[in-house]
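Student: Sharing work_8.cif, mmCIF, C-alpha atoms:
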data_query
#
loop_
_atom_site.label_atom_id
_atom_site.label_comp_id
_atom_site.auth_asym_id
_atom_site.auth_seq_id
_atom_site.Cartn_x
_atom_site.Cartn_y
_atom_site.Cartn_z
CA MET A 1 64.81 62.82 53.88
CA ASP A 2 62.36 64.04 56.52
CA VAL A 3 63.08 64.61 60.19
CA ASP A 4 61.83 61.17 61.27
CA GLU A 5 63.97 59.43 58.66
CA LYS A 6 67.02 61.41 59.74
CA LYS A 7 66.33 60.55 63.37
CA ALA A 8 65.92 56.86 62.51
CA GLU A 9 69.13 56.88 60.50
CA GLN A 10 71.02 58.54 63.34
CA THR A 11 69.61 56.03 65.83
CA TRP A 12 70.66 53.15 63.58
CA PHE A 13 74.14 54.67 63.20
CA ASP A 14 74.48 55.19 66.95
CA ASN A 15 73.47 51.57 67.60
CA CYS A 16 76.05 50.36 65.07
CA ILE A 17 78.74 52.38 66.81
CA ASP A 18 77.67 51.01 70.20
CA ASP A 19 77.80 47.44 68.87
CA MET A 20 81.26 48.01 67.38
CA LEU A 21 82.51 49.48 70.64
CA MET A 22 81.09 46.57 72.64
CA ASP A 23 82.68 44.01 70.32
CA GLU A 24 86.05 45.73 70.41
CA GLU A 25 86.01 46.29 74.19
CA GLN A 26 85.16 42.65 74.86
CA SER A 27 88.18 41.56 72.82
CA LEU A 28 90.58 43.84 74.67
CA SER A 29 92.55 42.07 77.38
CA ASP A 30 95.65 44.23 77.61
CA GLU A 31 96.25 45.50 81.14
CA GLU A 32 92.66 45.04 82.23
CA GLU A 33 91.51 46.12 85.64
CA ASP A 34 93.18 44.02 88.27
CA ASP A 35 91.39 41.92 90.84
CA TYR A 36 93.85 42.05 93.71
CA ALA A 37 93.74 44.38 96.66
CA VAL A 38 95.37 47.74 96.00
CA GLU A 39 94.78 50.71 98.24
CA GLU A 40 92.36 53.01 96.47
CA VAL A 41 93.70 56.50 95.93
CA PRO A 42 90.83 59.02 95.86
CA PRO A 43 91.13 62.33 94.00
CA SER A 44 93.24 64.78 95.96
CA ASN A 45 90.13 66.85 96.60
CA PRO A 46 86.93 65.11 95.48
CA THR A 47 84.80 68.17 96.21
CA VAL A 48 86.45 70.14 93.41
CA VAL A 49 86.71 67.38 90.82
CA THR A 50 84.08 68.96 88.61
CA THR A 51 86.01 72.21 88.33
CA ASN A 52 89.57 70.97 88.51
CA LEU A 53 89.73 67.69 86.58
CA THR A 54 93.07 68.55 84.99
CA GLN A 55 94.74 68.36 88.39
CA GLN A 56 93.33 64.89 89.01
CA LEU A 57 94.20 63.62 85.51
CA PRO A 58 96.91 65.85 84.01
CA ALA A 59 96.76 65.94 80.22
CA ILE A 60 99.94 64.99 78.38
CA PHE A 61 98.49 65.58 74.91
CA ALA A 62 95.17 66.52 73.38
CA ASN A 63 93.73 67.17 69.94
CA GLU A 64 90.24 67.19 68.45
CA SER A 65 89.91 63.39 68.64
CA LEU A 66 91.73 62.18 71.72
CA MET A 67 93.39 63.05 74.99
CA VAL A 68 96.28 61.31 76.72
CA VAL A 69 96.20 61.70 80.50
CA GLN A 70 98.52 60.67 83.30
CA LYS A 71 96.77 58.12 85.49
CA PRO A 72 98.11 57.97 89.04
CA ALA A 73 98.83 54.64 90.68
CA GLY A 74 95.91 53.51 92.84
CA LEU A 75 93.17 54.99 90.65
CA ALA A 76 91.05 52.40 88.81
CA CYS A 77 90.15 52.98 85.18
CA GLN A 78 86.58 51.80 85.61
CA GLY A 79 84.18 51.31 88.48
CA GLY A 80 83.35 47.99 90.07
CA THR A 81 82.78 46.29 93.39
CA GLY A 82 84.45 48.33 96.11
CA VAL A 83 85.60 51.02 93.66
CA LYS A 84 84.37 54.48 94.56
CA TYR A 85 86.64 56.59 92.37
CA SER A 86 87.76 55.79 88.83
CA VAL A 87 88.84 57.53 85.64
CA ASP A 88 85.33 56.91 84.31
CA THR A 89 83.64 58.58 87.28
CA LEU A 90 86.00 61.55 87.13
CA LEU A 91 85.29 62.08 83.43
CA GLY A 92 81.57 61.53 83.92
CA SER A 93 81.42 64.13 86.68
CA VAL A 94 82.21 66.96 84.24
CA ASN A 95 79.75 67.83 81.48
CA GLU A 96 82.55 68.76 79.10
CA PHE A 97 84.07 65.27 79.40
CA ALA A 98 80.91 63.19 79.89
CA ASP A 99 81.05 61.72 76.36
CA TYR A 100 84.75 60.82 76.54
CA LYS A 101 85.47 57.09 76.38
CA LEU A 102 88.32 54.91 77.56
CA VAL A 103 89.87 52.89 74.74
CA HIS A 104 92.25 50.78 76.81
CA ARG A 105 92.99 50.16 80.48
CA LEU A 106 95.81 50.14 82.97
CA ASP A 107 95.79 48.09 86.15
CA ARG A 108 94.76 50.08 89.19
CA GLY A 109 98.27 49.86 90.59
CA THR A 110 99.92 50.95 87.31
CA SER A 111 100.58 54.63 86.67
CA GLY A 112 101.18 56.41 83.39
CA ALA A 113 99.81 57.31 79.98
CA LEU A 114 96.14 56.53 79.36
CA VAL A 115 94.33 57.30 76.09
CA VAL A 116 90.79 58.69 76.13
CA ALA A 117 88.68 59.22 72.99
CA LYS A 118 86.67 62.42 72.70
CA SER A 119 83.90 60.91 70.56
CA ARG A 120 82.39 57.55 69.75
CA LEU A 121 83.85 57.55 66.26
CA ALA A 122 87.30 58.23 67.67
CA ALA A 123 86.70 55.52 70.27
CA VAL A 124 85.92 52.96 67.55
CA ALA A 125 89.05 53.84 65.57
CA LEU A 126 91.34 53.92 68.61
CA THR A 127 89.94 50.78 70.21
CA ARG A 128 90.41 48.94 66.95
CA ALA A 129 93.98 50.27 66.69
CA PHE A 130 94.73 48.85 70.15
CA HIS A 131 93.08 45.54 69.28
CA ASN A 132 95.07 45.27 66.02
CA HIS A 133 98.33 46.10 67.84
CA ASP A 134 98.83 49.28 65.81
CA VAL A 135 99.47 51.08 69.09
CA THR A 136 102.70 50.36 70.95
CA LYS A 137 103.28 50.97 74.64
CA LYS A 138 106.47 51.13 76.63
CA TYR A 139 106.72 50.76 80.38
CA ILE A 140 109.26 51.34 83.10
CA ALA A 141 109.30 48.67 85.81
CA LEU A 142 111.31 47.91 88.92
CA LEU A 143 111.93 44.17 89.15
CA GLU A 144 112.88 42.02 92.10
CA GLY A 145 116.24 40.51 91.23
CA ILE A 146 118.31 40.83 88.05
CA PRO A 147 117.45 38.96 84.82
CA GLN A 148 120.05 36.54 83.49
CA TYR A 149 120.25 38.48 80.22
CA MET A 150 120.36 42.29 80.12
CA GLN A 151 117.94 42.47 77.20
CA GLY A 152 115.82 40.14 75.18
CA THR A 153 112.44 39.24 73.72
CA ILE A 154 110.10 36.85 75.50
CA HIS A 155 107.91 34.67 73.27
CA ASN A 156 105.75 32.63 75.61
CA PRO A 157 102.01 31.92 75.45
CA LEU A 158 99.90 33.02 78.40
CA LEU A 159 96.71 31.57 79.82
CA TYR A 160 94.39 33.50 82.12
CA THR A 161 92.79 31.08 84.57
CA GLY A 162 90.19 33.46 85.93
CA SER A 163 92.31 34.61 88.83
CA LYS A 164 95.87 34.61 87.52
CA THR A 165 97.82 34.53 84.27
CA ILE A 166 100.21 31.60 83.82
CA ALA A 167 102.99 31.06 81.31
CA VAL A 168 102.33 27.91 79.30
CA ASP A 169 105.19 25.75 78.03
CA ALA A 170 105.57 22.39 76.31
CA SER A 171 105.07 20.52 79.60
CA ALA A 172 101.55 21.92 80.04
CA SER A 173 98.45 19.89 79.22
CA GLU A 174 97.13 19.87 75.68
CA GLN A 175 94.04 21.73 76.87
CA ALA A 176 96.16 24.50 78.41
CA ARG A 177 98.37 24.78 75.33
CA SER A 178 95.37 25.08 73.02
CA ALA A 179 93.68 27.69 75.24
CA ALA A 180 96.81 29.83 75.75
CA LYS A 181 97.35 32.94 73.62
CA GLY A 182 100.64 34.02 72.10
CA ALA A 183 102.41 36.80 73.97
CA THR A 184 105.56 38.75 73.12
CA THR A 185 107.40 41.12 75.46
CA LYS A 186 110.63 43.01 74.82
CA TYR A 187 112.74 44.16 77.76
CA LYS A 188 116.02 45.94 78.43
CA VAL A 189 117.74 46.37 81.77
CA LEU A 190 118.55 50.04 82.36
CA LYS A 191 120.11 49.83 85.82
CA THR A 192 120.84 47.26 88.49
CA GLY A 193 121.29 47.86 92.18
CA MET A 194 119.81 47.43 95.62
CA PHE A 195 116.29 48.39 96.71
CA LYS A 196 116.06 46.44 99.97
CA THR A 197 117.14 43.45 97.85
CA PRO A 198 118.92 43.21 94.46
CA CYS A 199 116.75 44.84 91.81
CA SER A 200 116.75 46.06 88.24
CA LEU A 201 115.09 48.97 86.50
CA VAL A 202 113.92 47.87 83.06
CA SER A 203 112.15 49.26 80.03
CA VAL A 204 109.45 46.97 78.67
CA GLU A 205 107.54 46.98 75.40
CA ILE A 206 104.57 44.70 74.83
CA LEU A 207 103.90 43.57 71.27
CA THR A 208 100.70 41.75 72.22
CA GLY A 209 97.99 42.58 74.71
CA ARG A 210 97.35 39.87 77.29
CA LYS A 211 96.00 40.25 80.79
CA HIS A 212 98.89 40.86 83.21
CA GLN A 213 101.35 40.18 80.37
CA ILE A 214 104.28 42.17 81.75
CA ARG A 215 103.78 40.93 85.29
CA ALA A 216 103.42 37.27 84.28
CA HIS A 217 106.37 37.27 81.85
CA CYS A 218 108.67 39.04 84.27
CA ALA A 219 107.76 36.81 87.21
CA GLN A 220 107.47 33.45 85.50
CA ILE A 221 109.90 33.68 82.57
CA LEU A 222 112.57 36.09 83.84
CA GLY A 223 112.16 34.98 87.44
CA CYS A 224 112.01 38.66 88.44
CA PRO A 225 108.52 39.81 89.43
CA VAL A 226 107.59 43.48 89.34
CA TYR A 227 108.39 44.97 92.70
CA GLY A 228 105.26 45.30 94.82
CA ASP A 229 103.19 42.85 92.76
CA THR A 230 101.05 41.07 95.33
CA LYS A 231 99.73 38.56 92.81
CA TYR A 232 102.96 37.41 91.17
CA GLY A 233 105.65 38.50 93.61
CA SER A 234 106.07 40.23 96.95
CA ALA A 235 103.49 41.37 99.47
CA ASN A 236 104.43 45.05 99.12
CA SER A 237 101.28 46.94 98.12
CA THR A 238 102.96 49.51 95.84
CA LEU A 239 103.27 48.29 92.25
CA TYR A 240 106.34 49.74 90.53
CA LEU A 241 105.04 49.69 86.97
CA HIS A 242 104.58 52.81 84.86
CA CYS A 243 103.37 53.30 81.26
CA SER A 244 106.00 55.77 80.11
CA GLU A 245 105.43 56.05 76.38
CA ILE A 246 102.65 55.37 73.92
CA THR A 247 102.73 55.45 70.12
CA ILE A 248 99.50 56.01 68.24
CA PRO A 249 98.86 56.01 64.45
CA VAL A 250 97.35 59.37 63.54
CA SER A 251 96.54 60.24 59.90
CA SER A 252 99.00 57.66 58.57
CA ARG A 253 101.69 59.11 60.83
CA ILE A 254 103.00 57.74 64.08
CA THR A 255 102.92 60.19 66.96
CA VAL A 256 104.75 59.40 70.18
CA PHE A 257 103.50 60.74 73.47
CA GLN A 258 106.24 60.64 76.10
CA GLU A 259 105.10 60.66 79.70
CA ARG A 260 106.45 63.79 81.33
CA ARG A 261 106.87 62.36 84.81
CA ALA A 262 108.38 58.92 85.14
CA ASP A 263 106.85 58.05 88.51
CA VAL A 264 108.84 54.85 88.91
CA TYR A 265 112.10 56.77 88.52
CA SER A 266 111.07 59.37 91.07
CA ARG A 267 109.87 56.74 93.55
CA VAL A 268 113.01 54.64 93.31
CA GLU A 269 115.89 56.96 92.48
CA CYS A 270 116.36 58.29 96.00
CA VAL A 271 116.38 54.93 97.77
CA ALA A 272 118.02 52.47 95.37
CA ARG A 273 121.79 52.16 95.19
CA TRP A 274 122.54 51.67 91.51
CA GLN A 275 125.57 49.76 90.28
CA CYS A 276 125.44 51.12 86.74
#
Represent the structure of the file as structure tokens.
Tutor:
Amino acid sequence: MDVDEKKAEQTWFDNCIDDMLMDEEQSLSDEEEDDYAVEEVPPSNPTVVTTNLTQQLPAIFANESLMVVQKPAGLACQGGTGVKYSVDTLLGSVNEFADYKLVHRLDRGTSGALVVAKSRLAAVALTRAFHNHDVTKKYIALLEGIPQYMQGTIHNPLLYTGSKTIAVDASASEQARSAAKGATTKYKVLKTGMFKTPCSLVSVEILTGRKHQIRAHCAQILGCPVYGDTKYGSANSTLYLHCSEITIPVSSRITVFQERRADVYSRVECVARWQC
């Protein structure tokens, strides 16, 4: 095979990878970038981003294929209208990380573990793993109010209307029921107490990936919106939702990456009066 043939083959392969990535990314809806107003948090020192990226996005884990970073609340995953700083722009500002690719998203207001692929091949494999629900994620959330049951599993279809996700039940129109997608969320109340009003600290695991799944299920099914959720609950601008643990299949083994700093705990522990 001559040089031109090798180049053509590589170009064809690269285009195939790009097409696969585009198809997979378009099918991902889990925790997509939010469209409500959250105060943008710029890097602590934008002038030194290119030499000090690890301080802006601390790495929890890294190997030859992927990196798990801690995304702070207020930092968008990707750019868009009115977004000056994002995980994408931070990675793109450093030559060493310019080829790294996001394989899932967290809402701008959500903090916690975020997976980044180090190559396009790794991005294809990881994105597909997220799409096929081979990756599990656990969150810590502070909810307004206390759920009726201390733990449970929510099976309720969700429909994204273009501005908000709504829980669809048997009373909904046939069109809404047919358009809704199945959604399953597990939760367990860890503590109850007072944080201005009665509240509960819960662990949440999503078994499906729907836009705003945790926020919609908590608000509309449990009747306890995530504290600070301006779309589904209160007007407080701080969203108390944190991706605390992520489980990824690696070489037929499941590796768990535990977030080192549970931001929700640290934000709430000093001000909430816990009853248990």
Student: So, counting only C-alpha atoms, which residue among A:Thr136, A:Ser173, A:Ser203, A:Ser65 is closest to His104 of chain A?
Tutor: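 So, comparing all the options, the nearest one is A:Thr136.
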Student: In Å, with one decimal, what is the gap from atom CA of Ala172 of chain A to atom CA of Pro157 of chain A?
Tutor: 11.0 Å
Student: Of the candidates A:Cys243, A:Ala167, A:Ala179, A:Ile140, which shows the shortest atom-to-atom distance to Leu201 of chain A, using all atoms listed in the file?
Tutor: A:Ile140
Student: For the atom pair atom CA of Val124 of chain A and atom CA of Lys101 of chain A, what is the interatomic distance in Å to one decimal place?
Tutor: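 Answer for the atom CA of Val124 of chain A to atom CA of Lys101 of chain A separation: 9.8 Å.
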Student: Per residue of segment 91-207 of chain A within 8 Å of segment 224-232 of chain A, which atom pair is closest and at what distance in Å (one decimal), using all atoms listed in the file, listed by chain and increasing number, as CSV?
Tutor:
residue,atom,partner,partner_atom,distance
A:Ala141,CA,A:Val226,CA,6.5
A:Leu142,CA,A:Tyr227,CA,5.6
A:Leu143,CA,A:Val226,CA,4.4
A:Glu144,CA,A:Cys224,CA,5.0
A:Gly145,CA,A:Cys224,CA,5.4
A:Ile146,CA,A:Cys224,CA,6.7
A:Pro147,CA,A:Cys224,CA,6.5
A:Lys164,CA,A:Lys231,CA,7.6
Student: How about saving the chosen residues, C-alpha atoms kept, as an mmCIF file, in the frame of the given file?
Tutor:
data_model
loop_
_atom_site.group_PDB
_atom_site.id
_atom_site.type_symbol
_atom_site.label_atom_id
_atom_site.label_comp_id
_atom_site.auth_asym_id
_atom_site.auth_seq_id
_atom_site.Cartn_x
_atom_site.Cartn_y
_atom_site.Cartn_z
ATOM 1 C CA ALA A 141 109.300 48.670 85.810
ATOM 2 C CA LEU A 142 111.310 47.910 88.920
ATOM 3 C CA LEU A 143 111.930 44.170 89.150
ATOM 4 C CA GLU A 144 112.880 42.020 92.100
ATOM 5 C CA GLY A 145 116.240 40.510 91.230
ATOM 6 C CA ILE A 146 118.310 40.830 88.050
ATOM 7 C CA PRO A 147 117.450 38.960 84.820
ATOM 8 C CA LYS A 164 95.870 34.610 87.520
#
Student: Skip Thr161 of chain A itself and residues of its chain fewer than 5 positions away, then list as a VMD selection string all residues within 10 Å of it, counting only C-alpha atoms.
Tutor: chain A and resid 166 176 179 to 180
Student: Counting all atoms listed in the file, figure out which residue out of A:Thr192, A:Ser171, A:Gln56, A:Thr185 gets nearest to Arg210 of chain A.
Tutor: A:Thr185
Student: From the set A:Ala113, A:Val202, A:Leu239, A:Val94, which residue has the shortest atom-to-atom contact distance to Val189 of chain A, counting all atoms listed in the file?
Tutor: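 Ranking A:Ala113, A:Val202, A:Leu239, A:Val94 by distance to Val189 of chain A, first place goes to A:Val202.
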